[in-house]
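Pasting start-v2.txt here (compact mmCIF, C-alpha atoms and all ligand atoms):
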# COMPACT_ATOMS: atom_id res chain seq x y z
CA LEU A 135 0.00 0.00 0.00
CA ASP A 136 1.21 3.42 -0.94
CA THR A 137 1.32 5.94 1.92
CA ALA A 138 1.04 8.88 -0.46
CA SER A 139 -2.03 7.63 -2.24
CA PRO A 140 -4.00 5.51 0.18
CA LEU A 141 -7.11 3.49 -0.52
CA ALA A 142 -9.36 6.38 0.51
CA SER A 143 -11.30 6.21 -2.75
CA ASP A 144 -12.40 2.65 -1.90
CA PHE A 145 -14.07 4.04 1.24
CA GLY A 146 -16.33 6.88 2.22
CA PRO A 147 -16.84 9.55 1.04
CA PHE A 148 -16.02 11.06 4.43
CA ALA A 149 -17.37 14.54 3.63
CA GLY A 150 -13.88 16.01 3.78
CA ARG A 151 -13.25 14.67 7.28
CA VAL A 152 -10.42 12.47 8.48
CA TRP A 153 -11.47 9.30 10.33
CA LEU A 154 -8.75 8.33 12.80
CA ASN A 155 -11.00 6.19 14.97
CA ALA A 156 -11.06 2.64 13.60
CA ALA A 157 -10.60 1.42 17.18
CA HIS A 158 -14.21 2.55 17.66
CA GLN A 159 -15.79 1.82 14.25
CA GLY A 160 -14.08 0.83 11.01
CA PRO A 161 -15.83 2.26 7.94
CA LEU A 162 -17.34 -0.06 5.32
CA PRO A 163 -15.40 -0.21 2.07
CA GLN A 164 -17.45 0.51 -1.05
CA VAL A 165 -17.44 -3.18 -2.06
CA ALA A 166 -19.16 -3.97 1.22
CA VAL A 167 -21.68 -1.17 0.72
CA ASP A 168 -22.51 -2.73 -2.66
CA ALA A 169 -22.84 -6.16 -1.07
CA ALA A 170 -25.15 -4.73 1.60
CA GLY A 171 -27.29 -3.26 -1.18
CA GLU A 172 -27.54 -6.68 -2.81
CA ALA A 173 -28.48 -8.32 0.51
CA LEU A 174 -31.11 -5.66 1.07
CA ARG A 175 -32.64 -6.43 -2.34
CA TRP A 176 -32.98 -10.08 -1.25
CA LYS A 177 -35.17 -8.88 1.58
CA VAL A 178 -37.14 -6.36 -0.48
CA ALA A 179 -38.17 -9.09 -2.93
CA PRO A 180 -37.59 -12.40 -1.12
CA HIS A 181 -37.94 -14.51 -4.28
CA ARG A 182 -34.34 -13.40 -4.85
CA LEU A 183 -33.26 -15.02 -1.59
CA LYS A 184 -32.74 -18.52 -3.00
CA ASP A 185 -32.00 -21.33 -0.55
CA ASP A 186 -28.48 -21.76 -1.87
CA LEU A 187 -27.73 -18.06 -1.33
CA PHE A 188 -29.14 -18.23 2.18
CA SER A 189 -27.11 -21.34 3.11
CA ALA A 190 -23.95 -19.93 1.60
CA VAL A 191 -23.94 -16.86 3.87
CA PRO A 192 -22.42 -18.48 7.00
CA ARG A 193 -20.27 -20.87 4.96
CA ARG A 194 -18.59 -18.08 2.98
CA LEU A 195 -18.04 -15.93 6.05
CA ARG A 196 -16.51 -18.81 8.01
CA GLU A 197 -14.16 -19.55 5.14
CA ARG A 198 -12.89 -15.94 5.03
CA LEU A 199 -12.41 -15.83 8.80
CA GLY A 200 -10.46 -19.08 8.59
CA ARG A 201 -8.14 -17.51 6.03
CA LEU A 202 -7.78 -14.38 8.12
CA LEU A 203 -6.84 -16.30 11.26
CA ASP A 204 -4.97 -19.19 9.62
CA ALA A 205 -7.40 -21.65 11.20
CA PRO A 206 -9.73 -24.32 9.76
CA PRO A 207 -13.10 -22.66 8.98
CA ASP A 208 -15.05 -25.39 10.76
CA GLN A 209 -13.43 -24.32 14.03
CA ILE A 210 -14.94 -20.84 13.84
CA VAL A 211 -18.12 -19.75 15.61
CA LEU A 212 -20.00 -16.84 14.04
CA GLY A 213 -21.19 -14.23 16.50
CA ASN A 214 -22.60 -10.74 16.71
CA SER A 215 -19.90 -9.16 18.92
CA THR A 216 -16.80 -9.89 20.92
CA SER A 217 -19.01 -10.32 23.96
CA TYR A 218 -20.89 -13.19 22.30
CA GLY A 219 -17.71 -15.27 22.07
CA LEU A 220 -16.55 -14.32 25.55
CA HIS A 221 -19.87 -15.32 27.07
CA LEU A 222 -19.87 -18.60 25.16
CA LEU A 223 -16.46 -19.35 26.66
CA ALA A 224 -17.19 -18.10 30.17
CA ASN A 225 -20.49 -20.00 30.33
CA GLY A 226 -19.31 -23.06 28.42
CA ILE A 227 -15.87 -23.92 29.77
CA PRO A 228 -16.58 -26.28 32.67
CA LEU A 229 -15.55 -24.24 35.71
CA ARG A 230 -16.43 -25.39 39.22
CA PRO A 231 -16.46 -23.68 42.61
CA GLY A 232 -12.86 -23.23 43.67
CA ASP A 233 -11.60 -22.84 40.10
CA GLU A 234 -9.95 -19.54 39.30
CA VAL A 235 -9.86 -17.23 36.29
CA LEU A 236 -7.00 -14.74 36.01
CA LEU A 237 -7.58 -11.36 34.38
CA VAL A 238 -5.62 -8.14 33.98
CA ALA A 239 -6.63 -5.16 36.11
CA GLY A 240 -7.75 -2.23 33.96
CA ASP A 241 -8.49 -4.38 30.93
CA PHE A 242 -11.45 -3.47 28.72
CA PRO A 243 -14.73 -4.29 30.50
CA ALA A 244 -15.91 -6.60 27.69
CA THR A 245 -12.89 -8.82 28.41
CA ASN A 246 -13.36 -9.07 32.17
CA LEU A 247 -17.08 -8.85 32.93
CA PRO A 248 -18.24 -12.25 31.56
CA TRP A 249 -15.78 -14.02 33.90
CA ILE A 250 -16.55 -11.83 36.90
CA GLY A 251 -20.19 -12.90 36.48
CA LEU A 252 -19.09 -16.44 37.40
CA ASN A 253 -18.30 -15.34 40.96
CA ARG A 254 -21.88 -16.05 41.92
CA ARG A 255 -21.27 -19.71 41.02
CA GLY A 256 -18.22 -19.83 43.27
CA VAL A 257 -15.67 -19.43 40.51
CA ALA A 258 -13.02 -16.97 41.66
CA THR A 259 -11.57 -14.21 39.50
CA ARG A 260 -8.36 -12.43 40.28
CA GLN A 261 -7.03 -9.36 38.46
CA ILE A 262 -3.29 -8.96 38.05
CA SER A 263 -1.93 -5.40 38.21
CA PRO A 264 1.15 -5.33 35.97
CA ALA A 265 4.15 -3.45 37.37
CA GLY A 266 4.70 -1.72 34.01
CA SER A 267 2.36 -0.86 31.17
CA VAL A 268 1.88 -4.42 30.02
CA LEU A 269 1.75 -7.84 31.67
CA GLY A 270 4.97 -9.79 31.19
CA ALA A 271 5.40 -13.57 31.04
CA ASP A 272 7.29 -13.74 34.34
CA GLU A 273 4.59 -11.77 36.12
CA LEU A 274 1.94 -14.12 34.79
CA ARG A 275 3.95 -17.19 35.78
CA GLU A 276 4.17 -15.92 39.36
CA GLN A 277 0.41 -15.49 39.56
CA LEU A 278 -0.73 -18.83 38.14
CA THR A 279 -1.81 -21.45 40.66
CA PRO A 280 -2.99 -25.06 40.27
CA ALA A 281 -6.56 -23.68 40.50
CA THR A 282 -6.08 -21.30 37.56
CA ARG A 283 -8.15 -22.78 34.76
CA VAL A 284 -8.34 -19.75 32.47
CA PHE A 285 -6.28 -16.65 31.77
CA CYS A 286 -8.01 -14.03 29.63
CA THR A 287 -6.60 -10.76 28.32
CA SER A 288 -7.03 -8.29 25.49
CA TRP A 289 -4.30 -8.46 22.86
CA VAL A 290 -4.17 -4.67 22.44
CA ASN A 291 -5.31 -2.49 25.32
CA SER A 292 -8.01 -0.09 24.08
CA PHE A 293 -6.99 2.62 26.54
CA THR A 294 -3.20 2.59 26.30
CA GLY A 295 -2.48 1.01 22.90
CA HIS A 296 -0.05 -1.52 24.42
CA ALA A 297 0.02 -5.02 22.93
CA ILE A 298 0.78 -8.07 25.03
CA ASP A 299 2.96 -10.87 23.63
CA PRO A 300 0.49 -13.74 22.92
CA GLU A 301 3.28 -16.21 22.27
CA ALA A 302 5.08 -15.60 25.58
CA LEU A 303 1.93 -15.48 27.72
CA GLY A 304 0.44 -18.48 25.92
CA ALA A 305 3.54 -20.56 26.59
CA VAL A 306 3.29 -19.77 30.31
CA CYS A 307 -0.39 -20.80 30.34
CA ARG A 308 0.34 -24.03 28.51
CA ALA A 309 3.01 -25.01 31.04
CA ASN A 310 0.41 -24.58 33.81
CA ASP A 311 -2.42 -26.39 31.96
CA THR A 312 -4.39 -23.15 31.88
CA TRP A 313 -6.62 -22.19 28.92
CA PHE A 314 -5.40 -18.97 27.29
CA VAL A 315 -8.29 -16.84 25.96
CA LEU A 316 -7.32 -13.84 23.84
CA ASN A 317 -9.60 -10.90 23.03
CA GLY A 318 -8.18 -9.96 19.65
CA THR A 319 -10.65 -7.15 18.97
CA GLN A 320 -8.15 -4.28 18.84
CA GLY A 321 -5.52 -6.22 16.91
CA ILE A 322 -7.07 -8.55 14.35
CA GLY A 323 -7.25 -6.88 10.95
CA ALA A 324 -4.37 -4.52 11.67
CA LEU A 325 -1.75 -6.90 13.09
CA PRO A 326 -1.08 -10.36 11.62
CA LEU A 327 -2.09 -13.35 13.74
CA SER A 328 -1.62 -16.98 12.78
CA LEU A 329 -3.52 -19.29 15.08
CA ALA A 330 -1.74 -22.27 13.55
CA GLU A 331 1.45 -20.97 15.16
CA GLN A 332 0.34 -19.39 18.43
CA PRO A 333 -0.11 -21.13 21.80
CA VAL A 334 -3.57 -19.59 22.13
CA ASP A 335 -6.61 -21.71 23.04
CA ALA A 336 -9.43 -19.35 22.12
CA VAL A 337 -9.69 -16.04 20.28
CA VAL A 338 -12.62 -13.68 20.12
CA GLY A 339 -13.10 -10.54 18.10
CA CYS A 340 -15.63 -8.24 16.49
CA GLY A 341 -16.09 -7.42 12.83
CA PHE A 342 -16.88 -3.73 13.07
CA LYS A 343 -13.53 -2.18 13.94
CA TRP A 344 -10.31 -3.23 12.16
CA LEU A 345 -12.16 -5.68 9.93
CA CYS A 346 -14.33 -2.88 8.47
CA GLY A 347 -17.58 -4.84 8.74
CA PRO A 348 -21.04 -3.76 9.89
CA TYR A 349 -21.90 -3.35 13.56
CA GLY A 350 -23.34 -6.49 15.16
CA THR A 351 -20.65 -8.87 13.86
CA GLY A 352 -18.07 -11.01 15.65
CA PHE A 353 -16.47 -14.42 15.90
CA CYS A 354 -14.91 -16.91 18.24
CA TRP A 355 -12.30 -19.57 17.53
CA MET A 356 -11.57 -22.42 19.91
CA ARG A 357 -8.93 -25.11 19.89
CA PRO A 358 -10.72 -28.48 19.24
CA SER A 359 -9.68 -29.83 22.64
CA LEU A 360 -11.36 -26.85 24.32
CA LEU A 361 -14.45 -27.10 22.13
CA ALA A 362 -14.82 -30.82 22.87
CA GLY A 363 -15.16 -30.16 26.59
CA LEU A 364 -17.58 -27.25 26.35
CA GLU A 365 -20.67 -27.70 28.52
CA TYR A 366 -23.19 -25.43 26.93
CA ASN A 367 -26.68 -26.34 25.82
CA GLN A 368 -27.30 -24.94 22.39
CA ALA A 369 -29.27 -26.75 19.71
CA TYR A 370 -30.15 -24.28 16.99
CA TRP A 371 -32.60 -25.86 14.54
CA LEU A 372 -31.19 -24.07 11.49
CA VAL A 373 -27.63 -25.23 12.05
CA ALA A 374 -28.96 -28.77 12.63
CA GLN A 375 -30.35 -28.77 9.07
CA GLY A 376 -26.92 -28.78 7.53
CA ASP A 377 -26.39 -27.00 4.24
CA GLU A 378 -29.42 -28.32 2.35
CA LEU A 379 -32.58 -26.73 3.63
CA GLU A 380 -35.09 -29.56 3.42
CA LEU A 381 -37.35 -28.18 6.04
CA GLY A 382 -39.63 -30.66 7.66
CA ARG A 383 -41.06 -31.47 11.02
CA GLU A 384 -38.29 -33.92 11.81
CA THR A 385 -34.83 -32.54 12.23
CA LYS A 386 -32.69 -34.91 10.25
CA ARG A 387 -29.59 -33.72 12.03
CA ARG A 388 -27.42 -33.82 8.97
CA GLY A 389 -25.78 -30.80 10.50
CA PRO A 390 -22.94 -30.55 12.94
CA SER A 391 -22.59 -32.46 16.16
CA PRO A 392 -22.37 -30.49 19.41
CA ARG A 393 -18.61 -30.80 19.02
CA ASP A 394 -18.68 -28.73 15.86
CA ALA A 395 -18.04 -25.02 16.26
CA ARG A 396 -21.05 -24.22 14.05
CA SER A 397 -23.32 -25.54 16.79
CA TYR A 398 -22.53 -22.43 18.75
CA ASP A 399 -23.17 -19.87 16.02
CA VAL A 400 -25.26 -16.93 17.08
CA PHE A 401 -28.92 -17.48 16.22
CA GLY A 402 -29.66 -15.99 12.83
CA THR A 403 -26.41 -17.41 11.47
CA ALA A 404 -27.49 -16.59 7.89
CA ASN A 405 -27.85 -12.93 8.93
CA PHE A 406 -27.39 -11.75 5.35
CA LEU A 407 -27.86 -8.01 5.94
CA ASN A 408 -24.74 -8.03 8.12
CA PHE A 409 -22.75 -11.07 7.08
CA VAL A 410 -22.85 -10.49 3.31
CA PRO A 411 -21.20 -7.04 3.55
CA TRP A 412 -18.81 -8.29 6.22
CA THR A 413 -17.71 -11.11 3.92
CA ALA A 414 -17.10 -8.53 1.17
CA ALA A 415 -15.05 -6.37 3.56
CA LEU A 416 -12.95 -9.40 4.55
CA ASP A 417 -12.37 -10.24 0.88
CA TYR A 418 -11.18 -6.68 0.40
CA LEU A 419 -8.71 -6.88 3.31
CA LEU A 420 -7.51 -10.35 2.34
CA LYS A 421 -6.84 -9.17 -1.21
CA TYR A 422 -4.08 -6.94 0.22
CA GLY A 423 -3.16 -9.27 3.04
CA ILE A 424 -2.99 -8.29 6.71
CA GLU A 425 0.83 -8.06 6.56
CA GLU A 426 0.47 -5.27 3.98
CA VAL A 427 -2.28 -3.53 5.90
CA ALA A 428 -0.21 -3.72 9.10
CA ALA A 429 2.84 -2.26 7.36
CA HIS A 430 0.73 0.63 6.08
CA ASP A 431 -0.86 1.29 9.47
CA GLN A 432 2.55 1.21 11.15
CA THR A 433 3.92 3.78 8.68
CA LEU A 434 1.14 6.13 9.75
CA VAL A 435 1.72 5.38 13.44
CA GLU A 436 5.42 6.14 12.98
CA ARG A 437 4.65 9.43 11.26
CA LEU A 438 2.29 10.49 14.02
CA ILE A 439 4.73 9.60 16.79
CA ASP A 440 7.70 11.23 15.02
CA GLY A 441 5.75 14.42 14.41
CA LEU A 442 4.45 14.77 17.95
CA ASP A 443 5.68 17.83 19.85
CA GLN A 444 7.17 16.08 22.86
CA SER A 445 7.38 19.22 24.96
CA THR A 446 3.58 19.48 24.83
CA TYR A 447 2.43 15.89 24.57
CA ARG A 448 3.26 12.72 26.45
CA LEU A 449 3.02 9.52 24.48
CA VAL A 450 0.94 7.04 26.52
CA SER A 451 1.23 4.22 23.96
CA PRO A 452 4.63 2.67 23.18
CA ARG A 453 7.08 4.59 20.99
CA ASP A 454 8.40 1.45 19.30
CA GLY A 455 9.05 -2.25 19.78
CA GLY A 456 6.79 -5.27 20.01
CA GLN A 457 4.32 -3.63 22.38
CA ARG A 458 3.41 -0.97 19.84
CA SER A 459 0.08 -1.35 18.03
CA GLN A 460 -1.94 0.83 15.65
CA LEU A 461 -3.45 2.75 18.56
CA VAL A 462 -1.57 5.96 19.32
CA VAL A 463 -2.59 7.43 22.67
CA VAL A 464 -1.34 10.85 23.75
CA SER A 465 -1.92 13.23 26.61
CA HIS A 466 -1.38 16.99 26.73
CA ARG A 467 1.13 17.88 29.47
CA ASP A 468 -1.90 19.39 31.18
CA PRO A 469 -4.27 16.40 31.00
CA ALA A 470 -7.24 18.66 31.78
CA ARG A 471 -6.80 20.03 28.27
CA ASN A 472 -7.24 16.67 26.49
CA ALA A 473 -11.00 17.10 26.04
CA GLY A 474 -10.34 20.53 24.51
CA VAL A 475 -7.71 19.07 22.18
CA LEU A 476 -10.24 16.51 20.97
CA LEU A 477 -12.77 19.30 20.38
CA GLN A 478 -10.25 21.29 18.32
CA LEU A 479 -9.48 18.19 16.27
CA GLU A 480 -13.19 17.67 15.66
CA ARG A 481 -13.65 21.31 14.63
CA ALA A 482 -10.80 20.88 12.17
CA GLY A 483 -12.57 17.85 10.67
CA ILE A 484 -10.52 15.16 12.38
CA ASP A 485 -12.23 12.40 14.32
CA ALA A 486 -10.22 10.77 17.10
CA ALA A 487 -11.43 9.54 20.52
CA LEU A 488 -11.15 10.48 24.17
CA ARG A 489 -10.47 7.30 26.13
CA ASP A 490 -9.68 7.17 29.83
CA GLY A 491 -8.99 10.91 29.65
CA ASN A 492 -6.41 10.66 26.85
CA VAL A 493 -6.59 11.34 23.12
CA ARG A 494 -6.55 8.17 21.03
CA PHE A 495 -5.77 8.02 17.30
CA SER A 496 -6.34 4.84 15.35
CA PRO A 497 -5.44 5.13 11.66
CA HIS A 498 -6.15 2.34 9.19
CA LEU A 499 -5.75 1.48 5.53
CA TYR A 500 -7.93 4.27 4.11
CA ASN A 501 -5.79 6.93 5.85
CA GLY A 502 -2.70 8.50 4.34
CA ALA A 503 0.24 10.66 5.38
CA ALA A 504 -1.73 13.86 4.72
CA ASP A 505 -4.34 12.80 7.28
CA ILE A 506 -1.67 12.38 9.94
CA ASP A 507 -0.13 15.74 9.05
CA ARG A 508 -3.50 17.45 9.42
CA ALA A 509 -3.87 15.96 12.91
CA LEU A 510 -0.32 16.98 13.86
CA GLU A 511 -1.01 20.54 12.78
CA VAL A 512 -4.00 20.80 15.11
CA LEU A 513 -2.02 19.22 17.96
CA ALA A 514 0.82 21.70 17.45
CA ALA A 515 -1.62 24.61 17.58
CA GLN A 516 -2.77 23.49 21.06
CA ALA A 517 0.61 23.99 22.74
C1 LIG B 1 -10.85 -4.75 23.69
C2 LIG B 1 -12.27 -4.62 23.23
N1 LIG B 1 -13.08 -5.67 23.32
C3 LIG B 1 -14.36 -5.62 22.91
C4 LIG B 1 -14.90 -4.47 22.39
C5 LIG B 1 -16.32 -4.43 21.92
O1 LIG B 1 -17.03 -5.54 22.36
P1 LIG B 1 -18.41 -5.94 21.71
O2 LIG B 1 -18.11 -6.42 20.30
O3 LIG B 1 -18.90 -7.04 22.54
O4 LIG B 1 -19.28 -4.75 21.72
C6 LIG B 1 -14.09 -3.33 22.29
C7 LIG B 1 -14.67 -2.07 21.77
O5 LIG B 1 -14.29 -0.98 22.04
C8 LIG B 1 -12.75 -3.42 22.72
O6 LIG B 1 -11.95 -2.36 22.63
Would you mind writing the file out in structure tokens?
Amino acid sequence: LDTASPLASDFGPFAGRVWLNAAHQGPLPQVAVDAAGEALRWKVAPHRLKDDLFSAVPRRLRERLGRLLDAPPDQIVLGNSTSYGLHLLANGIPLRPGDEVLLVAGDFPATNLPWIGLNRRGVATRQISPAGSVLGADELREQLTPATRVFCTSWVNSFTGHAIDPEALGAVCRANDTWFVLNGTQGIGALPLSLAEQPVDAVVGCGFKWLCGPYGTGFCWMRPSLLAGLEYNQAYWLVAQGDELELGRETKRRGPSPRDARSYDVFGTANFLNFVPWTAALDYLLKYGIEEVAAHDQTLVERLIDGLDQSTYRLVSPRDGGQRSQLVVVSHRDPARNAGVLLQLERAGIDAALRDGNVRFSPHLYNGAADIDRALEVLAAQA
């Protein structure tokens, strides 16, 4: 991808504004808008919604997600959010009174809340407070006990932009026989992840941020050994039909067994209004490849960090190294002015976010160097 002439024309139009907030919502590329239009026409005149089109919706989406994550498609559960996958795991992994789930203090609420809800069943949760900005492998090792059944963390912290090292933390979990659950929401689509190579047991994510899909989309992947032990009653009639819709009173159960990831798809798994455009957005990203997208995003991150007036702004996110992500978080030296800085950015046509009192920028593939320079100009004017 070319920094000077980005893929902006495949997105928007943004009415002259600069969207630096993919960590909140990724915009739909035009190909996905077109696909959404087609899906809408199926619903306007349902004779167009042929059975084979309907059945293909989840199959095609699962295949694209498999390619994205380097995982077999039949191991992927289709969901409507990150929270869907996290609840499936928290409610489905057999956890008994006395078992413990380890979390990271200050993690995004979506990551921690589903596990904390298990307290009422006698499952304990404990939140580790990292000494530095990010939890290290040694710190995790010290905290694991024989009762620790699950460790769950976000890959990229939404508030600080720091990325944990999934490989190092996963190896520590494996040595302790602890399931490692990763919330990949703020990384997947902007940082490469190969599940075939990582010691991760489950990954959840949403489709509407870095994957540029519609809102109300998400997924969950589980290692087969984790899936096989899930204790969760779900028997969705449509999934039980298999691919050929021969609807009758008797469920022929040609479809997946309860050990098949599809069994846990969100109800409405052929949700064509959302899943058809999401599939098109994934095709668009996969055409470039996530390595390419990541390289482009990192060029923009680098430009933003290099151009930051360090006498006025403190960089909250990492300057460089493996903990750096595509989230750049800054604070004015007078943090009380951060809300005003965001307002000035907005007035100048630049959309960023205020998170935990700091200003967060999250550029993605439709942004270019000129967008970053426009943001830097406004920041400089706020000294
Ligand atoms: C780390 C993280 N997880 C999850 C979410 C969203 O969760 P859900 O898809 O359940 O709304 C966000 C959104 O900001 C996030 O930053």
>> I'd like the contact shell of Ala487 of chain A - 10 Å cut-off, all atoms listed in the file, skipping same-chain residues fewer than 4 positions apart - returned as a list in words.
In response: Leu154, Asn155, Ala156, Ala157, His158, Val463, Ala473, Leu476, Leu477, Leu479, Glu480, Gly491, Asn492, Val493, Arg494, Phe495 and Ser496 of chain A
>> Which residues are near ligand LIG 1 (chain B) - at most 8 Å, using all atoms listed in the file? Format: as a ChimeraX atom specification.
In response: /A:157-158,214-218,241-245,288-292,317-320,339-343,350-352
For C-alpha atoms, I'd like the residues from the last selection saved as a compact mmCIF listing (two decimals), in the frame of the given file.
# COMPACT_ATOMS: atom_id res chain seq x y z
CA ALA A 157 -10.60 1.42 17.18
CA HIS A 158 -14.21 2.55 17.66
CA ASN A 214 -22.60 -10.74 16.71
CA SER A 215 -19.90 -9.16 18.92
CA THR A 216 -16.80 -9.89 20.92
CA SER A 217 -19.01 -10.32 23.96
CA TYR A 218 -20.89 -13.19 22.30
CA ASP A 241 -8.49 -4.38 30.93
CA PHE A 242 -11.45 -3.47 28.72
CA PRO A 243 -14.73 -4.29 30.50
CA ALA A 244 -15.91 -6.60 27.69
CA THR A 245 -12.89 -8.82 28.41
CA SER A 288 -7.03 -8.29 25.49
CA TRP A 289 -4.30 -8.46 22.86
CA VAL A 290 -4.17 -4.67 22.44
CA ASN A 291 -5.31 -2.49 25.32
CA SER A 292 -8.01 -0.09 24.08
CA ASN A 317 -9.60 -10.90 23.03
CA GLY A 318 -8.18 -9.96 19.65
CA THR A 319 -10.65 -7.15 18.97
CA GLN A 320 -8.15 -4.28 18.84
CA GLY A 339 -13.10 -10.54 18.10
CA CYS A 340 -15.63 -8.24 16.49
CA GLY A 341 -16.09 -7.42 12.83
CA PHE A 342 -16.88 -3.73 13.07
CA LYS A 343 -13.53 -2.18 13.94
CA GLY A 350 -23.34 -6.49 15.16
CA THR A 351 -20.65 -8.87 13.86
CA GLY A 352 -18.07 -11.01 15.65
> If you count all atoms listed in the file, which residues fall within 12 Å of segment 167-169 of chain A, apart from same-chain ones fewer than 4 positions away, as an NGL selection string?
Replying inline: :A and (144-147 or 161-163 or 173-176 or 191 or 346-348 or 406-418)
>> Nearest residue to Thr433 of chain A out of A:Pro497, A:Pro326, A:Gly402, A:Gly456, using all atoms listed in the file?
In response: A:Pro497
> Which distance in Å separates atom CA of Gln332 of chain A and atom CA of Ile298 of chain A, to one decimal?
Replying inline: 13.1 Å
> To one decimal place, how far is atom CA of Arg151 of chain A from atom CA of His498 of chain A in Å?
Replying inline: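 Separation of atom CA of Arg151 of chain A and atom CA of His498 of chain A: 14.4 Å.
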> Which residue, A:Ile262, A:Arg283, A:Ile439, A:Leu183, has the smallest gap to Asn246 of chain A when you use only C-alpha atoms?
Replying inline: A:Ile262
> If you measure from atom CA of Leu278 of chain A to atom CA of Glu301 of chain A, what distance in Å do you get, rounded to one decimal?
Replying inline: 16.6 Å
